[in-house]
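*Asks:* Below is the file target38.cif, with mmCIF, C-alpha atoms, pLDDT in the B column; chains and numbers go by the auth columns.
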```
data_entry
#
loop_
_atom_site.group_PDB
_atom_site.id
_atom_site.type_symbol
_atom_site.label_atom_id
_atom_site.label_comp_id
_atom_site.label_asym_id
_atom_site.label_seq_id
_atom_site.Cartn_x
_atom_site.Cartn_y
_atom_site.Cartn_z
_atom_site.B_iso_or_equiv
_atom_site.auth_seq_id
_atom_site.auth_asym_id
ATOM 1 C CA MET A 1 -80.607 -5.479 -25.178 49.00 1 U
ATOM 2 C CA GLY A 2 -84.377 -4.905 -25.168 54.00 2 U
ATOM 3 C CA LEU A 3 -85.839 -1.439 -24.841 52.00 3 U
ATOM 4 C CA ASN A 4 -82.469 0.175 -24.086 58.00 4 U
ATOM 5 C CA ALA A 5 -81.301 -0.658 -27.627 55.00 5 U
ATOM 6 C CA VAL A 6 -84.383 1.027 -29.089 61.00 6 U
ATOM 7 C CA MET A 7 -84.420 4.111 -26.834 61.00 7 U
ATOM 8 C CA VAL A 8 -81.455 6.415 -26.272 63.00 8 U
ATOM 9 C CA SER A 9 -82.135 9.053 -23.589 64.00 9 U
ATOM 10 C CA GLY A 10 -85.823 9.377 -24.427 66.00 10 U
ATOM 11 C CA SER A 11 -85.230 9.302 -28.167 71.00 11 U
ATOM 12 C CA LEU A 12 -85.600 6.437 -30.607 78.00 12 U
ATOM 13 C CA SER A 13 -82.273 5.158 -31.898 84.00 13 U
ATOM 14 C CA SER A 14 -81.446 5.986 -35.496 88.00 14 U
ATOM 15 C CA LEU A 15 -81.011 2.246 -36.053 90.00 15 U
ATOM 16 C CA THR A 16 -84.656 1.807 -35.090 90.00 16 U
ATOM 17 C CA TRP A 17 -85.681 4.155 -37.900 93.00 17 U
ATOM 18 C CA PHE A 18 -83.321 2.513 -40.386 94.00 18 U
ATOM 19 C CA GLY A 19 -84.715 -0.889 -39.380 94.00 19 U
ATOM 20 C CA LEU A 20 -88.256 0.390 -39.924 94.00 20 U
ATOM 21 C CA ALA A 21 -87.207 1.690 -43.334 96.00 21 U
ATOM 22 C CA LEU A 22 -85.747 -1.705 -44.217 96.00 22 U
ATOM 23 C CA ALA A 23 -88.971 -3.427 -43.158 96.00 23 U
ATOM 24 C CA LEU A 24 -91.043 -0.999 -45.235 95.00 24 U
ATOM 25 C CA PHE A 25 -88.796 -1.570 -48.263 95.00 25 U
ATOM 26 C CA ALA A 26 -89.232 -5.335 -47.807 96.00 26 U
ATOM 27 C CA ILE A 27 -93.007 -4.870 -47.711 94.00 27 U
ATOM 28 C CA GLU A 28 -92.755 -2.815 -50.895 93.00 28 U
ATOM 29 C CA ALA A 29 -90.698 -5.548 -52.563 94.00 29 U
ATOM 30 C CA LEU A 30 -93.245 -8.212 -51.626 94.00 30 U
ATOM 31 C CA ARG A 31 -96.285 -6.101 -52.432 90.00 31 U
ATOM 32 C CA PRO A 32 -95.454 -3.382 -54.932 86.00 32 U
ATOM 33 C CA GLY A 33 -97.622 -0.311 -54.883 80.00 33 U
ATOM 34 C CA ARG A 34 -95.051 2.350 -54.035 78.00 34 U
ATOM 35 C CA PHE A 35 -96.865 3.395 -50.868 82.00 35 U
ATOM 36 C CA ALA A 36 -94.527 1.628 -48.427 89.00 36 U
ATOM 37 C CA LEU A 37 -91.565 2.869 -50.465 90.00 37 U
ATOM 38 C CA TRP A 38 -92.252 6.485 -49.539 91.00 38 U
ATOM 39 C CA LEU A 39 -92.941 5.594 -45.930 93.00 39 U
ATOM 40 C CA GLY A 40 -89.513 3.944 -45.979 95.00 40 U
ATOM 41 C CA PHE A 41 -87.934 7.123 -47.308 95.00 41 U
ATOM 42 C CA ALA A 42 -89.675 9.092 -44.533 96.00 42 U
ATOM 43 C CA ALA A 43 -88.219 6.653 -41.982 96.00 43 U
ATOM 44 C CA ILE A 44 -84.742 7.155 -43.474 96.00 44 U
ATOM 45 C CA LEU A 45 -85.095 10.926 -43.172 96.00 45 U
ATOM 46 C CA VAL A 46 -86.088 10.607 -39.513 95.00 46 U
ATOM 47 C CA GLY A 47 -83.196 8.173 -38.991 94.00 47 U
ATOM 48 C CA ILE A 48 -80.778 10.738 -40.371 95.00 48 U
ATOM 49 C CA VAL A 49 -82.238 13.410 -38.095 93.00 49 U
ATOM 50 C CA ALA A 50 -82.119 11.009 -35.133 90.00 50 U
ATOM 51 C CA SER A 51 -78.442 10.337 -35.753 90.00 51 U
ATOM 52 C CA VAL A 52 -77.521 14.027 -35.378 91.00 52 U
ATOM 53 C CA ALA A 53 -80.216 15.381 -33.022 88.00 53 U
ATOM 54 C CA ARG A 54 -81.838 13.971 -29.903 87.00 54 U
ATOM 55 C CA TRP A 55 -85.521 14.714 -30.170 88.00 55 U
ATOM 56 C CA PRO A 56 -88.081 13.074 -27.868 90.00 56 U
ATOM 57 C CA TRP A 57 -89.583 9.970 -29.446 88.00 57 U
ATOM 58 C CA SER A 58 -92.959 11.682 -29.836 91.00 58 U
ATOM 59 C CA VAL A 59 -91.385 14.468 -31.925 93.00 59 U
ATOM 60 C CA GLU A 60 -89.612 11.871 -34.051 93.00 60 U
ATOM 61 C CA VAL A 61 -92.908 10.098 -34.725 93.00 61 U
ATOM 62 C CA LEU A 62 -94.471 13.456 -35.602 96.00 62 U
ATOM 63 C CA ALA A 63 -91.556 14.159 -37.983 96.00 63 U
ATOM 64 C CA PHE A 64 -92.151 10.751 -39.601 96.00 64 U
ATOM 65 C CA VAL A 65 -95.818 11.626 -40.128 96.00 65 U
ATOM 66 C CA VAL A 66 -94.916 15.042 -41.568 96.00 66 U
ATOM 67 C CA PHE A 67 -92.263 13.604 -43.914 95.00 67 U
ATOM 68 C CA ALA A 68 -94.712 10.935 -45.092 94.00 68 U
ATOM 69 C CA ALA A 69 -97.452 13.539 -45.542 94.00 69 U
ATOM 70 C CA VAL A 70 -95.103 15.537 -47.786 93.00 70 U
ATOM 71 C CA LEU A 71 -93.466 12.683 -49.714 89.00 71 U
ATOM 72 C CA ILE A 72 -96.562 10.677 -50.655 83.00 72 U
ATOM 73 C CA PRO A 73 -98.527 13.528 -52.310 84.00 73 U
ATOM 74 C CA ALA A 74 -95.319 14.764 -53.992 82.00 74 U
ATOM 75 C CA TRP A 75 -94.791 11.296 -55.480 77.00 75 U
ATOM 76 C CA ARG A 76 -98.413 11.108 -56.665 76.00 76 U
ATOM 77 C CA ARG A 77 -98.149 14.534 -58.300 77.00 77 U
ATOM 78 C CA TYR A 78 -94.890 13.552 -59.991 74.00 78 U
ATOM 79 C CA GLU A 79 -96.314 10.224 -61.176 73.00 79 U
ATOM 80 C CA ARG A 80 -99.315 11.908 -62.791 76.00 80 U
ATOM 81 C CA LYS A 81 -97.015 14.207 -64.790 72.00 81 U
ATOM 82 C CA ALA A 82 -94.854 11.325 -66.007 62.00 82 U
#
```
I'd like the structure from this file rewritten - as structure tokens, please.

*Replies:*
Amino acid sequence: MGLNAVMVSGSLSSLTWFGLALALFAIEALRPGRFALWLGFAAILVGIVASVARWPWSVEVLAFVVFAAVLIPAWRRYERKA
């Protein structure tokens, strides 16, 4: 098991991203604030991408940062309008 289960040909496994999303959702459930929720959604998006495309792990991490940078301000803007 070990690192080979996490890495698949230089790319993080989609299960790694889904596991991270699950952990972030658990953090959100224990400590509500909706911040970890959107990080979890960003991890799910990267997990979906990782299941169909093999990007290097560094590009996947960058995609996670970009998705989070888009989702969190979008949520804050939406919440202010509601």

*Asks:* Please provide as a list of chain:residue names all residues within 10 Å of stretch 54-70 of chain U, with the sequence filter that same-chain residues fewer than 3 positions apart are discarded (counting all atoms listed in the file).

*Replies:* U:Met7, U:Val8, U:Ser9, U:Gly10, U:Ser11, U:Leu12, U:Ser13, U:Ser14, U:Trp17, U:Phe35, U:Ala36, U:Trp38, U:Leu39, U:Gly40, U:Phe41, U:Ala42, U:Ala43, U:Ile44, U:Leu45, U:Val46, U:Gly47, U:Val49, U:Ala50, U:Ser51, U:Pro73, U:Ala74, U:Trp75

*Asks:* Rank nothing, just name the residue among U:Leu37, U:Arg76, U:Ala53, U:Leu71 nearest to U:Leu20, using all atoms listed in the file.

*Replies:* U:Leu37

*Asks:* Could you work out how far atom CA of U:Glu79 lies from atom CA of U:Ala26, giving the answer in Å with one decimal?

*Replies:*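 That distance, rounded to one decimal, is 21.7 Å.
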
*Asks:* Please report the interatomic distance between atom CA of U:Ile48 and atom CA of U:Ala21 in Å with one decimal.

*Replies:*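 About the pair atom CA of U:Ile48 and atom CA of U:Ala21: they are 11.5 Å apart.
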
*Asks:* Could you please determine the separation between atom CA of U:Ile27 and atom CA of U:Ile72 in Å, to one decimal place?

*Replies:*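 Answer for the atom CA of U:Ile27 to atom CA of U:Ile72 separation: 16.2 Å.
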
*Asks:* Padding of 8 Å on every side, edges along x, y and z, all listed atoms of stretch 25-40 of chain U included: what centre and edge lengths in Å, to one decimal, does that box have, as AutoDock Vina command-line options?

*Replies:*
```
--center_x -93.2 --center_y -0.9 --center_z -50.4 --size_x 24.8 --size_y 30.7 --size_z 25.0
```
